[in-house]
Amino acid sequence: DEARAEGATAFDFTEVEAGVDEMHHVADGYDADILLRWGDKLFADSPDFDPKNQTAAAQEKLFGYNNDFVGFIPLEGNPDHGLLVVNHEYTNAELMFPAFASIVKEKVTKDGKEVEEEKVTLGEYTKDLVDIEMAAHGGTVIEIRKVNGKWQPVLDGKYNRRITLNTEMQLSGPVAGHDRVKTPSDPTGKKVFGTVNNCAGGVTAWGTYMMAEENFNGYFGGELADDHPEFKQLKRLGAPGGQYEWSKFYDRFDVSKEPTEANRFGWIVEVDALDPTSVPKKRTALGRFKHEGCESIVNKDGRVVLYTGDDERYDYVYKFVTKGTYNPDDRSANMDLFDEGTLYVAKFDEDGTVTWMPLVHGEGPLTAENGFASQADVLIDTRLAADALGATKMDRPEDIQPNPKTGKVYVMLTNNTKRKAEEINAANPRAKNAFGHIIEITETDGDFASLTSRWDVLLKCGDPSVAEVGASFSTATTKNGWFGMPDNCTIDADGRLWVSTDGNNEKETGRTDGVWAIDTEGGARGTSKLFFRVPVGAEMCGPCFNPTSDTFFLAVQHPGDAGLATYETPATRWPDFKDDLPVRPAVVAVTKQGGGRIG
Ligand code: FEO
Ligand code: CA
Ligand code: CA
Ligand code: CA
């Protein structure tokens, strides 16, 4: 590596050809093996997957749907044996349930003419189907082990666990017990069941599994009068979104019946993966919004710094700094670090400074006169508080990843096609930003808790051969190497950046999503190479290395979801390719043939 010529890339794999088909593709010389599919057994007593006769009870013991974040927690420091923690973000009913969706013709008016169009519609929901959806959400903790060079789940692992909508959780931190989180079934304001829409996440230095609740608004139905005290903040979050039918069967998901239940979602959940009976905690000090992820790092002074993005057009980038410090010798002393500390929101100034503004009750505009009567109000209404502080409105902040080797932090901004020319700023430099960009934050003197940092645009994404796109990949980047819509990302053991994408599709770009390796240092900065691509209709999630970076875990989410896709008509039957099995989201374990570091 040291001998690398100036300007040469830090990655020496042979790039995958970009394109679209029913298969996944990995760089030559690597194996990409299916590790866990929706419906796979997680326990010794799990039932067989029976897709034509699904039940919620079976789904509670099987791998969930739409794997997103993947984390690896080594057991006794072993890079080849540990716990895989996986978020199950959402469900695709049309692909999950047999004979439920149908393709119908619909008359629509286009350019003043009436034309017929085909579309997928869902059948009538039953409570049983809703219960299966609830059991397919949440997360999985499963012991995995490498045996003869291949990873396999350990079905009798004592840590194995499914987390679903039925899992009891605790609200902890400043909001716990507040009137605004009390409900008819929970007068304590501390006990919540379940978590939803867990997109990206994180694993802490003390081996807990962090699950970010993202688009929780979509699970709530009903209506709230516009003079209801919760109306304004719920509207700011797009709630009730009504994308699911859960409110028909469960009053808590109907805001007209239980208007405070939605205040118990939109948090970051911390799970002690080493205790399968532990009650996961919703860490309210970290704020409430559409958290994409929650990656953290132990700062040089021992405090823990957590980065989290709010994935909505014109929403914000946040970081949280704990009050206490990490104790490497006493795991239990770290378990509630995220209950006390300061949440900051970022202002990206035109001169390249980031100012981290504290969201603290009583400071600046965050006072009772402005509707924030306590720190609980600041945290429940985080978006409104950040609006009041004048944070920089970003192009959909997704995963944010600190790099322990360089002290830099990478912010994925996936896209914002609505940004107008007059709304451009230095940190969001393109109008109609269809392909997104990546910002690199340089924390002052490697101090992640720093309240002022510097920032740069690492990459403006999109096809560099189309001038009006304005992409900024290096000229060494091939036609396979460019991408749009950065979403999740990770840093390998050598401090190198890998980015996975969401939204590249056959119609617009002639290529699927995938994972790209990106040079950030030296003369090759801005060079990107395609390492893996997903089958048609999927997005790429996960990316996670084991500690020695000789395994790369990747999550293929919603494969087959393209065109008029239903259970009967998926765009691919990946990964089984059997007529009697549905297409299935799955986690893939990538290893190098003959062993060795990835990439
Ligand atoms: Fe679940 Fe922000 O993507
Ligand atoms: Ca996304
Ligand atoms: Ca990440
Ligand atoms: Ca995503």
# chains A, B, ... in the order shown; residues from 1 in each chain; ligands from 1
>>> residues_near_ligand(ligand="ligand 4", cutoff="7 Å", atoms="only C-alpha atoms and all ligand atoms", output="ChimeraX atom specification")
/A:68,199,487-488,502,539,541
>>> residues_near_ligand(ligand="ligand 2", cutoff="8 Å", atoms="only C-alpha atoms and all ligand atoms", output="list in words")
Asp311, Glu398, Thr414, Met485, Pro486, Asp487, Asn488, Thr501, Asp502 and Gly503 of chain A
>>> select_by_dssp(residues="range 379-584 of chain A", states="alpha helix (DSSP H)", output="list in words")
Leu379, Ile380, Thr382, Arg383, Leu384, Ala385, Ala386, Asp387, Ala388, Leu389, Glu506, Lys507, Glu508 and Thr509 of chain A
>>> residues_around(residues="range 522-529 of chain A", least_positions_apart="4", cutoff="6 Å", atoms="only C-alpha atoms", output="mmCIF file with N, CA and C atoms, in the first residue's frame")
data_model
loop_
_atom_site.group_PDB
_atom_site.id
_atom_site.type_symbol
_atom_site.label_atom_id
_atom_site.label_comp_id
_atom_site.auth_asym_id
_atom_site.auth_seq_id
_atom_site.Cartn_x
_atom_site.Cartn_y
_atom_site.Cartn_z
ATOM 1 N N GLU A 6 1.727 7.527 -6.736
ATOM 2 C CA GLU A 6 0.902 8.716 -6.514
ATOM 3 C C GLU A 6 -0.263 8.708 -7.517
ATOM 4 N N GLY A 7 -1.452 8.862 -6.999
ATOM 5 C CA GLY A 7 -2.615 8.901 -7.895
ATOM 6 C C GLY A 7 -3.243 7.548 -8.140
ATOM 7 N N ALA A 8 -2.604 6.464 -7.682
ATOM 8 C CA ALA A 8 -3.175 5.130 -7.920
ATOM 9 C C ALA A 8 -4.258 4.842 -6.890
ATOM 10 N N THR A 9 -5.226 4.049 -7.291
ATOM 11 C CA THR A 9 -6.320 3.720 -6.384
ATOM 12 C C THR A 9 -5.842 2.776 -5.273
ATOM 13 N N GLU A 15 -13.106 -4.524 -11.502
ATOM 14 C CA GLU A 15 -14.436 -3.939 -11.399
ATOM 15 C C GLU A 15 -15.516 -4.794 -12.071
ATOM 16 N N PHE A 473 -16.872 12.687 -10.256
ATOM 17 C CA PHE A 473 -15.967 11.541 -10.097
ATOM 18 C C PHE A 473 -14.653 11.853 -10.802
ATOM 19 N N SER A 474 -13.558 11.236 -10.335
ATOM 20 C CA SER A 474 -12.259 11.461 -10.978
ATOM 21 C C SER A 474 -12.297 10.932 -12.403
ATOM 22 N N THR A 477 -12.288 7.203 -13.066
ATOM 23 C CA THR A 477 -13.498 6.403 -12.824
ATOM 24 C C THR A 477 -14.058 5.931 -14.166
ATOM 25 N N GLY A 481 -17.981 2.773 -12.831
ATOM 26 C CA GLY A 481 -17.604 3.267 -11.510
ATOM 27 C C GLY A 481 -18.476 4.375 -10.971
ATOM 28 N N TRP A 516 -19.990 0.420 -4.141
ATOM 29 C CA TRP A 516 -18.833 0.982 -4.805
ATOM 30 C C TRP A 516 -17.751 1.305 -3.762
ATOM 31 N N ALA A 517 -16.503 1.102 -4.168
ATOM 32 C CA ALA A 517 -15.347 1.446 -3.322
ATOM 33 C C ALA A 517 -14.814 2.795 -3.793
ATOM 34 N N ILE A 518 -14.562 3.698 -2.868
ATOM 35 C CA ILE A 518 -14.225 5.077 -3.240
ATOM 36 C C ILE A 518 -12.929 5.524 -2.581
#
>>> closest_residue(among="A:Leu171, A:Ala562, A:Ala346, A:Cys294", to="ligand 1", atoms="only C-alpha atoms and all ligand atoms")
A:Cys294
>>> residues_around(residues="Ala333 in chain A", least_positions_apart="5", cutoff="10 Å", atoms="only C-alpha atoms", output="compact mmCIF listing (two decimals) with C-alpha atoms, in the first residue's frame")
# COMPACT_ATOMS: atom_id res chain seq x y z
CA TRP A 206 -19.55 -1.91 23.89
CA GLY A 324 -20.09 10.40 30.34
CA THR A 325 -17.09 8.56 28.95
CA TYR A 326 -16.64 5.05 27.60
CA ASN A 327 -15.17 2.53 30.02
CA PRO A 328 -13.38 -0.25 28.09
>>> residues_near_ligand(ligand="ligand 1", cutoff="12 Å", atoms="only C-alpha atoms and all ligand atoms", output="VMD selection string")
chain A and resid 66 to 69 87 to 91 196 to 201 211 to 216 289 to 294 308 to 313 315 395 to 400 412 to 415 485 to 489 500 to 503 539 to 542 557 to 558
>>> write_last_selection(atoms="C-alpha atoms", output="mmCIF file, in the first residue's frame")
data_model
loop_
_atom_site.group_PDB
_atom_site.id
_atom_site.type_symbol
_atom_site.label_atom_id
_atom_site.label_comp_id
_atom_site.auth_asym_id
_atom_site.auth_seq_id
_atom_site.Cartn_x
_atom_site.Cartn_y
_atom_site.Cartn_z
ATOM 1 C CA ASN A 66 -36.266 -6.292 3.751
ATOM 2 C CA ASN A 67 -32.919 -6.577 5.483
ATOM 3 C CA ASP A 68 -31.315 -3.120 5.675
ATOM 4 C CA PHE A 69 -28.604 -2.348 8.271
ATOM 5 C CA ASN A 87 -32.701 -4.507 10.581
ATOM 6 C CA HIS A 88 -35.910 -5.461 8.791
ATOM 7 C CA GLU A 89 -36.994 -2.084 7.544
ATOM 8 C CA TYR A 90 -40.349 -2.627 5.897
ATOM 9 C CA THR A 91 -42.543 -5.099 4.011
ATOM 10 C CA VAL A 196 -40.687 0.182 12.827
ATOM 11 C CA ASN A 197 -38.905 1.135 9.648
ATOM 12 C CA ASN A 198 -35.450 0.443 10.998
ATOM 13 C CA CYS A 199 -33.281 1.606 8.156
ATOM 14 C CA ALA A 200 -29.566 1.972 8.827
ATOM 15 C CA GLY A 201 -28.108 1.578 12.308
ATOM 16 C CA MET A 211 -31.612 0.518 15.299
ATOM 17 C CA ALA A 212 -32.707 3.788 13.694
ATOM 18 C CA GLU A 213 -36.438 4.346 13.273
ATOM 19 C CA GLU A 214 -36.913 6.115 9.955
ATOM 20 C CA ASN A 215 -40.271 6.545 8.154
ATOM 21 C CA PHE A 216 -42.448 5.680 11.149
ATOM 22 C CA PHE A 289 -37.119 12.351 13.513
ATOM 23 C CA LYS A 290 -36.661 10.037 10.527
ATOM 24 C CA HIS A 291 -33.325 8.631 11.595
ATOM 25 C CA GLU A 292 -31.535 7.001 8.715
ATOM 26 C CA GLY A 293 -28.668 5.640 10.812
ATOM 27 C CA CYS A 294 -26.738 6.015 14.044
ATOM 28 C CA THR A 308 -27.453 10.613 12.624
ATOM 29 C CA GLY A 309 -29.192 11.993 9.548
ATOM 30 C CA ASP A 310 -32.847 12.910 9.091
ATOM 31 C CA ASP A 311 -33.823 11.481 5.711
ATOM 32 C CA GLU A 312 -36.231 13.951 4.228
ATOM 33 C CA ARG A 313 -35.754 16.621 1.610
ATOM 34 C CA ASP A 315 -33.868 18.071 6.675
ATOM 35 C CA ASP A 395 -30.574 16.976 0.220
ATOM 36 C CA ARG A 396 -31.892 14.015 2.267
ATOM 37 C CA PRO A 397 -29.213 13.018 4.789
ATOM 38 C CA GLU A 398 -28.805 9.234 4.895
ATOM 39 C CA ASP A 399 -26.024 7.242 6.580
ATOM 40 C CA ILE A 400 -23.233 9.217 8.281
ATOM 41 C CA MET A 412 -24.483 10.490 2.299
ATOM 42 C CA LEU A 413 -26.989 12.912 0.735
ATOM 43 C CA THR A 414 -29.111 10.751 -1.478
ATOM 44 C CA ASN A 415 -30.952 13.237 -3.742
ATOM 45 C CA MET A 485 -28.154 8.000 -4.794
ATOM 46 C CA PRO A 486 -25.590 7.167 -2.099
ATOM 47 C CA ASP A 487 -27.455 5.693 0.859
ATOM 48 C CA ASN A 488 -25.549 3.490 3.305
ATOM 49 C CA CYS A 489 -21.809 3.317 3.725
ATOM 50 C CA SER A 500 -24.124 1.386 -1.265
ATOM 51 C CA THR A 501 -26.921 2.945 -3.268
ATOM 52 C CA ASP A 502 -30.717 3.156 -3.454
ATOM 53 C CA GLY A 503 -32.512 4.224 -6.603
ATOM 54 C CA GLU A 539 -31.541 -1.750 -3.472
ATOM 55 C CA MET A 540 -28.195 -2.314 -1.802
ATOM 56 C CA CYS A 541 -28.045 -2.093 1.963
ATOM 57 C CA GLY A 542 -25.994 -3.397 4.793
ATOM 58 C CA GLN A 557 -33.359 -5.348 -0.138
ATOM 59 C CA HIS A 558 -36.666 -5.628 -2.052
#
>>> atom_distance(atom1="CA of Gln401 in chain A", atom2="CA of Ile297 in chain A")
9.2 Å
>>> closest_residue(among="A:Glu363, A:Glu295, A:Asp579, A:Glu118", to="ligand 3", atoms="only C-alpha atoms and all ligand atoms")
A:Glu295
>>> closest_residue(among="A:Val556, A:Gly514, A:Lys300, A:Pro582", to="Asp445 in chain A", atoms="only C-alpha atoms")
A:Lys300
>>> atom_distance(atom1="CA of Gln170 in chain A", atom2="CA of Val192 in chain A")
6.0 Å
>>> residues_around(residues="range 177-182 of chain A", least_positions_apart="5", cutoff="10 Å", atoms="only C-alpha atoms", output="ChimeraX atom specification")
/A:171-172,187-192,229-230,258-265,376-377,380
>>> residues_around(residues="Val360 in chain A", least_positions_apart="6", cutoff="8 Å", atoms="only C-alpha atoms", output="list in words")
Thr342, Leu343, Leu366, Gln375 and Val378 of chain A
